[in-house]
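For reference, start.txt (compact mmCIF, C-alpha atoms and all ligand atoms):
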```txt
# COMPACT_ATOMS: atom_id res chain seq x y z
CA MET T 1 62.55 101.92 104.89
CA ASN T 2 60.56 100.49 107.78
CA THR T 3 61.64 97.44 109.78
CA THR T 4 58.94 95.22 108.26
CA ALA T 5 60.18 95.95 104.74
CA LYS T 6 63.79 95.37 105.83
CA PHE T 7 62.84 92.02 107.36
CA TRP T 8 61.11 90.86 104.17
CA ASP T 9 63.86 92.22 101.92
CA LYS T 10 66.35 90.05 103.74
CA LEU T 11 64.09 87.02 103.59
CA ALA T 12 63.08 87.45 99.92
CA PRO T 13 65.65 85.16 98.20
CA ARG T 14 65.04 82.38 100.73
CA TYR T 15 61.26 82.82 100.52
CA ALA T 16 61.42 82.59 96.72
CA ALA T 17 63.36 79.31 96.92
CA MET T 18 60.97 77.69 99.41
CA PRO T 19 58.73 74.99 97.92
CA ILE T 20 54.97 75.37 98.46
CA ALA T 21 54.24 73.46 101.67
CA ASP T 22 50.82 72.19 100.57
CA GLU T 23 50.62 72.10 96.76
CA ALA T 24 47.12 70.57 96.69
CA GLY T 25 45.85 73.23 99.11
CA TYR T 26 47.46 75.99 97.02
CA GLN T 27 45.86 74.66 93.81
CA LYS T 28 42.49 74.52 95.56
CA LYS T 29 42.89 78.12 96.71
CA LEU T 30 43.76 79.22 93.15
CA GLU T 31 40.68 77.42 91.84
CA ILE T 32 38.36 79.01 94.42
CA THR T 33 39.81 82.47 93.72
CA ARG T 34 39.36 82.01 89.95
CA GLN T 35 35.61 81.65 90.50
CA TYR T 36 35.55 85.31 91.61
CA LEU T 37 37.58 86.61 88.65
CA GLN T 38 36.24 87.63 85.24
CA PRO T 39 38.06 88.71 82.06
CA ASN T 40 37.03 92.33 82.79
CA SER T 41 38.05 92.26 86.47
CA GLU T 42 40.29 94.87 88.05
CA VAL T 43 42.22 93.05 90.77
CA LEU T 44 44.37 94.25 93.65
CA GLU T 45 46.67 91.96 95.61
CA LEU T 46 48.21 93.22 98.84
CA GLY T 47 51.36 91.57 100.19
CA CYS T 48 52.01 89.88 96.84
CA GLY T 49 55.46 88.58 97.84
CA THR T 50 57.41 87.18 94.91
CA GLY T 51 54.39 87.45 92.62
CA SER T 52 53.77 83.74 92.03
CA THR T 53 50.01 84.00 92.53
CA ALA T 54 49.77 87.31 90.65
CA VAL T 55 51.45 85.78 87.59
CA LEU T 56 48.93 82.92 87.59
CA HIS T 57 45.78 85.05 88.01
CA ALA T 58 46.67 88.10 85.90
CA PRO T 59 46.17 86.39 82.48
CA ASN T 60 42.52 85.72 83.45
CA VAL T 61 41.61 89.34 84.26
CA LYS T 62 41.70 92.83 82.73
CA HIS T 63 44.32 94.33 85.03
CA TYR T 64 46.14 93.19 88.16
CA LEU T 65 47.92 95.50 90.59
CA ALA T 66 50.23 93.71 93.02
CA VAL T 67 51.49 95.59 96.07
CA ASP T 68 54.12 94.71 98.63
CA CYS T 69 56.17 96.66 101.18
CA SER T 70 59.42 94.88 100.26
CA SER T 71 61.48 95.99 97.26
CA GLY T 72 63.37 92.68 97.45
CA MET T 73 60.13 90.74 97.01
CA LEU T 74 59.01 93.07 94.22
CA ASP T 75 62.30 92.72 92.30
CA LEU T 76 61.76 88.96 92.20
CA ALA T 77 58.09 89.42 91.31
CA ARG T 78 58.86 91.76 88.39
CA THR T 79 61.38 89.27 86.99
CA LYS T 80 58.83 86.47 87.33
CA ALA T 81 56.16 88.49 85.49
CA LYS T 82 58.60 89.44 82.72
CA ASP T 83 59.77 85.82 82.30
CA ALA T 84 56.14 84.67 82.11
CA GLY T 85 55.31 87.39 79.56
CA VAL T 86 52.44 88.74 81.64
CA GLY T 87 51.75 92.28 80.46
CA ASN T 88 48.69 93.39 82.42
CA LEU T 89 50.38 93.10 85.81
CA ASP T 90 51.78 96.16 87.60
CA PHE T 91 53.68 96.28 90.85
CA GLU T 92 53.80 98.97 93.50
CA GLN T 93 55.84 99.25 96.67
CA ALA T 94 53.72 100.23 99.68
CA THR T 95 52.65 98.92 103.04
CA VAL T 96 48.99 98.14 103.44
CA ASP T 97 48.66 101.33 105.49
CA GLU T 98 50.47 103.47 102.92
CA PHE T 99 48.65 102.12 99.90
CA ARG T 100 46.17 104.59 98.46
CA SER T 101 43.68 103.18 96.02
CA PRO T 102 43.84 104.82 92.59
CA GLU T 103 40.71 106.35 91.10
CA ILE T 104 39.40 103.01 89.95
CA ARG T 105 37.84 100.63 92.42
CA PHE T 106 38.58 96.92 92.31
CA ASP T 107 36.37 93.93 91.59
CA ALA T 108 38.48 91.76 93.85
CA VAL T 109 41.14 92.33 96.48
CA LEU T 110 43.40 89.48 97.53
CA ALA T 111 45.60 89.30 100.62
CA LEU T 112 47.21 85.89 100.91
CA SER T 113 49.17 84.91 104.01
CA LEU T 114 49.21 88.56 105.05
CA LEU T 115 46.46 89.33 107.53
CA HIS T 116 48.04 87.31 110.36
CA LEU T 117 51.10 89.60 110.11
CA LEU T 118 49.14 92.80 110.69
CA GLU T 119 48.48 94.43 114.04
CA ASP T 120 44.93 95.57 113.42
CA LYS T 121 43.34 93.15 110.96
CA GLU T 122 39.86 94.57 111.43
CA ALA T 123 40.97 98.09 110.48
CA VAL T 124 42.81 96.78 107.42
CA ILE T 125 39.85 94.68 106.30
CA SER T 126 37.63 97.71 106.67
CA ARG T 127 40.03 99.84 104.54
CA ILE T 128 40.31 97.08 101.93
CA HIS T 129 36.53 96.96 101.73
CA GLY T 130 36.62 100.61 100.70
CA PHE T 131 38.78 99.73 97.68
CA LEU T 132 36.08 97.47 96.25
CA LYS T 133 33.41 98.30 93.72
CA PRO T 134 29.88 97.75 95.01
CA GLY T 135 29.42 93.99 94.97
CA GLY T 136 33.16 93.38 94.74
C1 LIG A 1 54.09 85.46 104.19
S1 LIG A 1 54.48 86.49 102.80
C2 LIG A 1 53.16 86.07 101.69
C3 LIG A 1 53.51 86.39 100.26
C4 LIG A 1 52.46 85.94 99.25
N1 LIG A 1 51.18 86.62 99.46
C5 LIG A 1 52.26 84.46 99.32
O1 LIG A 1 51.15 84.01 99.61
O2 LIG A 1 53.25 83.73 99.08
C6 LIG A 1 53.97 88.08 103.36
C7 LIG A 1 54.23 89.20 102.35
O3 LIG A 1 53.59 90.36 102.81
C8 LIG A 1 54.48 91.45 102.75
N2 LIG A 1 54.11 92.31 103.87
C9 LIG A 1 54.27 92.10 105.19
N3 LIG A 1 53.73 93.09 105.91
C10 LIG A 1 53.22 93.98 105.01
C11 LIG A 1 52.53 95.23 105.12
N4 LIG A 1 52.27 95.75 106.30
N5 LIG A 1 52.17 95.86 103.98
C12 LIG A 1 52.46 95.32 102.76
N6 LIG A 1 53.10 94.15 102.59
C13 LIG A 1 53.46 93.48 103.70
C14 LIG A 1 55.87 90.87 102.87
O4 LIG A 1 56.85 91.68 102.27
C15 LIG A 1 55.70 89.54 102.17
O5 LIG A 1 56.00 89.64 100.79
```
Rewrite the structure from the file as structure tokens, please.
Ligand SMILES: C[S@@+](CC[C@H](N)C(=O)[O-])C[C@H]1O[C@@H](n2cnc3c(N)ncnc32)[C@H](O)[C@@H]1O
Amino acid sequence: MNTTAKFWDKLAPRYAAMPIADEAGYQKKLEITRQYLQPNSEVLELGCGTGSTAVLHAPNVKHYLAVDCSSGMLDLARTKAKDAGVGNLDFEQATVDEFRSPEIRFDAVLALSLLHLLEDKEAVISRIHGFLKPGG
């Protein structure tokens, strides 16, 4: 396990218990994101954390794949998805660098509160762009 994953594993329970700092801002962000999502959308979220956003968006799309490097975060996310009864949401443990896009390409890729943590944002954005369908 790499040090980043260890750091987030340790933080996961505390992160999950933290209230959203700016609820109005979060709601606005959800609303803006929804405008890009369709019922037939294939969506990828990188750095999904405890899955709160994934659980809210997944019911509006065809399939949602949520990825995070931390197993601690993903354990909480899986429980959240199960409790919410969201069935079209899968989770995968990987860093952004490790993640290999499956055969399908995505209509939308989300990375929320993640890019500032990465060393080479430009390289990651360029890779993420390769995961998108044309026009995604
Ligand atoms: C600040 S939290 C944001 C979580 C969630 N996106 C949100 O908005 O609440 C950052 C998340 O990114 C994950 N993360 C950090 N570096 C990562 C990397 N290189 N690859 C994949 N996930 C990473 C952490 O485990 C953590 O869950």
Distance query Ala5 in chain T at most 9 Å, only C-alpha atoms, self and fewer than 5 positions along chain excluded, as a list of chain:residue names: T:Lys10, T:Asp68, T:Cys69, T:Ser70, T:Ser71, T:Gly72, T:Thr95
Distance criterion (only C-alpha atoms): nearest to Trp8 in chain T out of T:Met73, T:Leu114, T:Val109, T:Val67: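 That would be T:Met73, the residue with the smallest distance to Trp8 in chain T.
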As AutoDock Vina command-line options, what would the box around ligand LIG 1 (chain A) look like: edges along x, y and z, 3 Å added on every side, centre and edge lengths in Å to one decimal?
```
--center_x 54.0 --center_y 89.8 --center_z 102.7 --size_x 11.7 --size_y 18.1 --size_z 13.2
```
Surroundings of ligand LIG 1 (chain A) up to 9 Å, based on only C-alpha atoms and all ligand atoms, as a PyMOL selection string: chain T and resi 4-9+11-12+15-16+20+45-54+67-74+93-99+110-119
Selection: 7 Å around Gly136 in chain T, all atoms listed in the file, excl. self and same-chain fewer than 3 positions, as a VMD selection string: chain T and resid 106 to 108 132 to 133
Distance of CA of Pro134 in chain T from CA of Ser101 in chain T, expressed in Å to one decimal place: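 Between these atoms lies a distance of 14.9 Å.
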Polymer residues at most 9 Å from His63 in chain T, all atoms listed in the file, same-chain spacing of 3 or more positions, as a PyMOL selection string: chain T and resi 39-44+58-60+87-90
Coordinates-based distance that separates CA of Lys29 in chain T from CA of Asp83 in chain T (Å, one decimal):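 If I compute the distance from CA of Asp83 in chain T to CA of Lys29 in chain T, I get 23.5 Å.
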Å distance separating CA of Thr3 in chain T from CA of Glu92 in chain T, one decimal place: 18.1 Å
Best match for closeness to Ala66 in chain T among T:Met18, T:Phe91, T:Arg105, T:Thr79, counting all atoms listed in the file: T:Phe91
Residue with smallest distance to Glu103 in chain T - pool T:Tyr26, T:Ala84, T:Asp120, T:Gly130, counting all atoms listed in the file: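 Among T:Tyr26, T:Ala84, T:Asp120, T:Gly130, it is T:Gly130 that comes nearest to Glu103 in chain T.
Proximity of T:His57, T:Gly135, T:Pro13, T:Ile128 to Arg34 in chain T, computed with only C-alpha atoms, is greatest for T:His57.
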Have range 111-122 of chain T completed to all heavy atoms, please, and pass it along as a PDB file, in the frame of the given file.
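Once written, rebuild14.pdb looks like this:
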```
ATOM      1  N   ALA T 111      44.522  89.138  99.632  1.00  0.00           N
ATOM      2  CA  ALA T 111      45.600  89.300 100.620  1.00  0.00           C
ATOM      3  C   ALA T 111      45.889  87.903 101.137  1.00  0.00           C
ATOM      4  O   ALA T 111      45.129  87.372 101.942  1.00  0.00           O
ATOM      5  CB  ALA T 111      45.170  90.228 101.738  1.00  0.00           C
ATOM      6  N   LEU T 112      46.944  87.299 100.622  1.00  0.00           N
ATOM      7  CA  LEU T 112      47.210  85.890 100.910  1.00  0.00           C
ATOM      8  C   LEU T 112      48.374  85.766 101.886  1.00  0.00           C
ATOM      9  O   LEU T 112      49.467  86.289 101.629  1.00  0.00           O
ATOM     10  CB  LEU T 112      47.532  85.150  99.599  1.00  0.00           C
ATOM     11  CG  LEU T 112      46.470  85.336  98.505  1.00  0.00           C
ATOM     12  CD1 LEU T 112      47.003  84.901  97.150  1.00  0.00           C
ATOM     13  CD2 LEU T 112      45.212  84.581  98.852  1.00  0.00           C
ATOM     14  N   SER T 113      48.129  85.076 102.967  1.00  0.00           N
ATOM     15  CA  SER T 113      49.170  84.910 104.010  1.00  0.00           C
ATOM     16  C   SER T 113      49.704  86.256 104.470  1.00  0.00           C
ATOM     17  O   SER T 113      50.912  86.430 104.653  1.00  0.00           O
ATOM     18  CB  SER T 113      50.313  84.014 103.506  1.00  0.00           C
ATOM     19  OG  SER T 113      49.823  82.786 103.057  1.00  0.00           O
ATOM     20  N   LEU T 114      48.816  87.203 104.636  1.00  0.00           N
ATOM     21  CA  LEU T 114      49.210  88.560 105.050  1.00  0.00           C
ATOM     22  C   LEU T 114      48.521  89.007 106.336  1.00  0.00           C
ATOM     23  O   LEU T 114      49.172  89.567 107.226  1.00  0.00           O
ATOM     24  CB  LEU T 114      48.884  89.563 103.921  1.00  0.00           C
ATOM     25  CG  LEU T 114      49.117  91.030 104.270  1.00  0.00           C
ATOM     26  CD1 LEU T 114      50.617  91.320 104.374  1.00  0.00           C
ATOM     27  CD2 LEU T 114      48.489  91.957 103.255  1.00  0.00           C
ATOM     28  N   LEU T 115      47.224  88.731 106.433  1.00  0.00           N
ATOM     29  CA  LEU T 115      46.460  89.330 107.530  1.00  0.00           C
ATOM     30  C   LEU T 115      47.001  88.953 108.911  1.00  0.00           C
ATOM     31  O   LEU T 115      46.983  89.770 109.835  1.00  0.00           O
ATOM     32  CB  LEU T 115      44.975  88.934 107.428  1.00  0.00           C
ATOM     33  CG  LEU T 115      44.233  89.487 106.207  1.00  0.00           C
ATOM     34  CD1 LEU T 115      42.792  89.009 106.191  1.00  0.00           C
ATOM     35  CD2 LEU T 115      44.287  91.009 106.165  1.00  0.00           C
ATOM     36  N   HIS T 116      47.529  87.733 109.042  1.00  0.00           N
ATOM     37  CA  HIS T 116      48.040  87.310 110.360  1.00  0.00           C
ATOM     38  C   HIS T 116      49.273  88.114 110.784  1.00  0.00           C
ATOM     39  O   HIS T 116      49.664  88.086 111.948  1.00  0.00           O
ATOM     40  CB  HIS T 116      48.368  85.805 110.335  1.00  0.00           C
ATOM     41  CG  HIS T 116      49.508  85.444 109.434  1.00  0.00           C
ATOM     42  ND1 HIS T 116      49.419  85.550 108.054  1.00  0.00           N
ATOM     43  CD2 HIS T 116      50.754  85.007 109.703  1.00  0.00           C
ATOM     44  CE1 HIS T 116      50.573  85.188 107.525  1.00  0.00           C
ATOM     45  NE2 HIS T 116      51.396  84.854 108.509  1.00  0.00           N
ATOM     46  N   LEU T 117      49.889  88.821 109.805  1.00  0.00           N
ATOM     47  CA  LEU T 117      51.100  89.600 110.110  1.00  0.00           C
ATOM     48  C   LEU T 117      50.764  91.018 110.581  1.00  0.00           C
ATOM     49  O   LEU T 117      51.642  91.751 111.017  1.00  0.00           O
ATOM     50  CB  LEU T 117      51.979  89.710 108.860  1.00  0.00           C
ATOM     51  CG  LEU T 117      52.482  88.393 108.270  1.00  0.00           C
ATOM     52  CD1 LEU T 117      53.139  88.657 106.925  1.00  0.00           C
ATOM     53  CD2 LEU T 117      53.464  87.732 109.223  1.00  0.00           C
ATOM     54  N   LEU T 118      49.510  91.407 110.438  1.00  0.00           N
ATOM     55  CA  LEU T 118      49.140  92.800 110.690  1.00  0.00           C
ATOM     56  C   LEU T 118      48.604  92.992 112.110  1.00  0.00           C
ATOM     57  O   LEU T 118      47.961  92.090 112.654  1.00  0.00           O
ATOM     58  CB  LEU T 118      48.083  93.241 109.672  1.00  0.00           C
ATOM     59  CG  LEU T 118      48.482  93.048 108.203  1.00  0.00           C
ATOM     60  CD1 LEU T 118      47.323  93.412 107.286  1.00  0.00           C
ATOM     61  CD2 LEU T 118      49.726  93.857 107.850  1.00  0.00           C
ATOM     62  N   GLU T 119      48.890  94.165 112.655  1.00  0.00           N
ATOM     63  CA  GLU T 119      48.480  94.430 114.040  1.00  0.00           C
ATOM     64  C   GLU T 119      46.969  94.543 114.175  1.00  0.00           C
ATOM     65  O   GLU T 119      46.378  93.941 115.054  1.00  0.00           O
ATOM     66  CB  GLU T 119      49.133  95.722 114.533  1.00  0.00           C
ATOM     67  CG  GLU T 119      50.366  95.450 115.377  1.00  0.00           C
ATOM     68  CD  GLU T 119      51.066  96.717 115.770  1.00  0.00           C
ATOM     69  OE1 GLU T 119      50.383  97.678 116.156  1.00  0.00           O
ATOM     70  OE2 GLU T 119      52.306  96.728 115.664  1.00  0.00           O
ATOM     71  N   ASP T 120      46.370  95.332 113.298  1.00  0.00           N
ATOM     72  CA  ASP T 120      44.930  95.570 113.420  1.00  0.00           C
ATOM     73  C   ASP T 120      44.217  95.095 112.148  1.00  0.00           C
ATOM     74  O   ASP T 120      43.940  95.859 111.237  1.00  0.00           O
ATOM     75  CB  ASP T 120      44.680  97.070 113.654  1.00  0.00           C
ATOM     76  CG  ASP T 120      43.228  97.355 114.018  1.00  0.00           C
ATOM     77  OD1 ASP T 120      42.382  96.449 113.856  1.00  0.00           O
ATOM     78  OD2 ASP T 120      42.943  98.477 114.459  1.00  0.00           O
ATOM     79  N   LYS T 121      43.949  93.781 112.145  1.00  0.00           N
ATOM     80  CA  LYS T 121      43.340  93.150 110.960  1.00  0.00           C
ATOM     81  C   LYS T 121      42.003  93.793 110.611  1.00  0.00           C
ATOM     82  O   LYS T 121      41.679  94.007 109.459  1.00  0.00           O
ATOM     83  CB  LYS T 121      43.061  91.667 111.222  1.00  0.00           C
ATOM     84  CG  LYS T 121      44.264  90.822 111.396  1.00  0.00           C
ATOM     85  CD  LYS T 121      43.800  89.399 111.654  1.00  0.00           C
ATOM     86  CE  LYS T 121      44.804  88.564 112.410  1.00  0.00           C
ATOM     87  NZ  LYS T 121      45.510  89.177 113.503  1.00  0.00           N
ATOM     88  N   GLU T 122      41.209  94.042 111.669  1.00  0.00           N
ATOM     89  CA  GLU T 122      39.860  94.570 111.430  1.00  0.00           C
ATOM     90  C   GLU T 122      39.915  95.908 110.693  1.00  0.00           C
ATOM     91  O   GLU T 122      39.161  96.141 109.754  1.00  0.00           O
ATOM     92  CB  GLU T 122      39.108  94.741 112.766  1.00  0.00           C
ATOM     93  CG  GLU T 122      38.917  93.442 113.541  1.00  0.00           C
ATOM     94  CD  GLU T 122      38.155  92.396 112.755  1.00  0.00           C
ATOM     95  OE1 GLU T 122      37.245  92.775 112.001  1.00  0.00           O
ATOM     96  OE2 GLU T 122      38.485  91.204 112.886  1.00  0.00           O
TER      97      GLU T 122
END
```
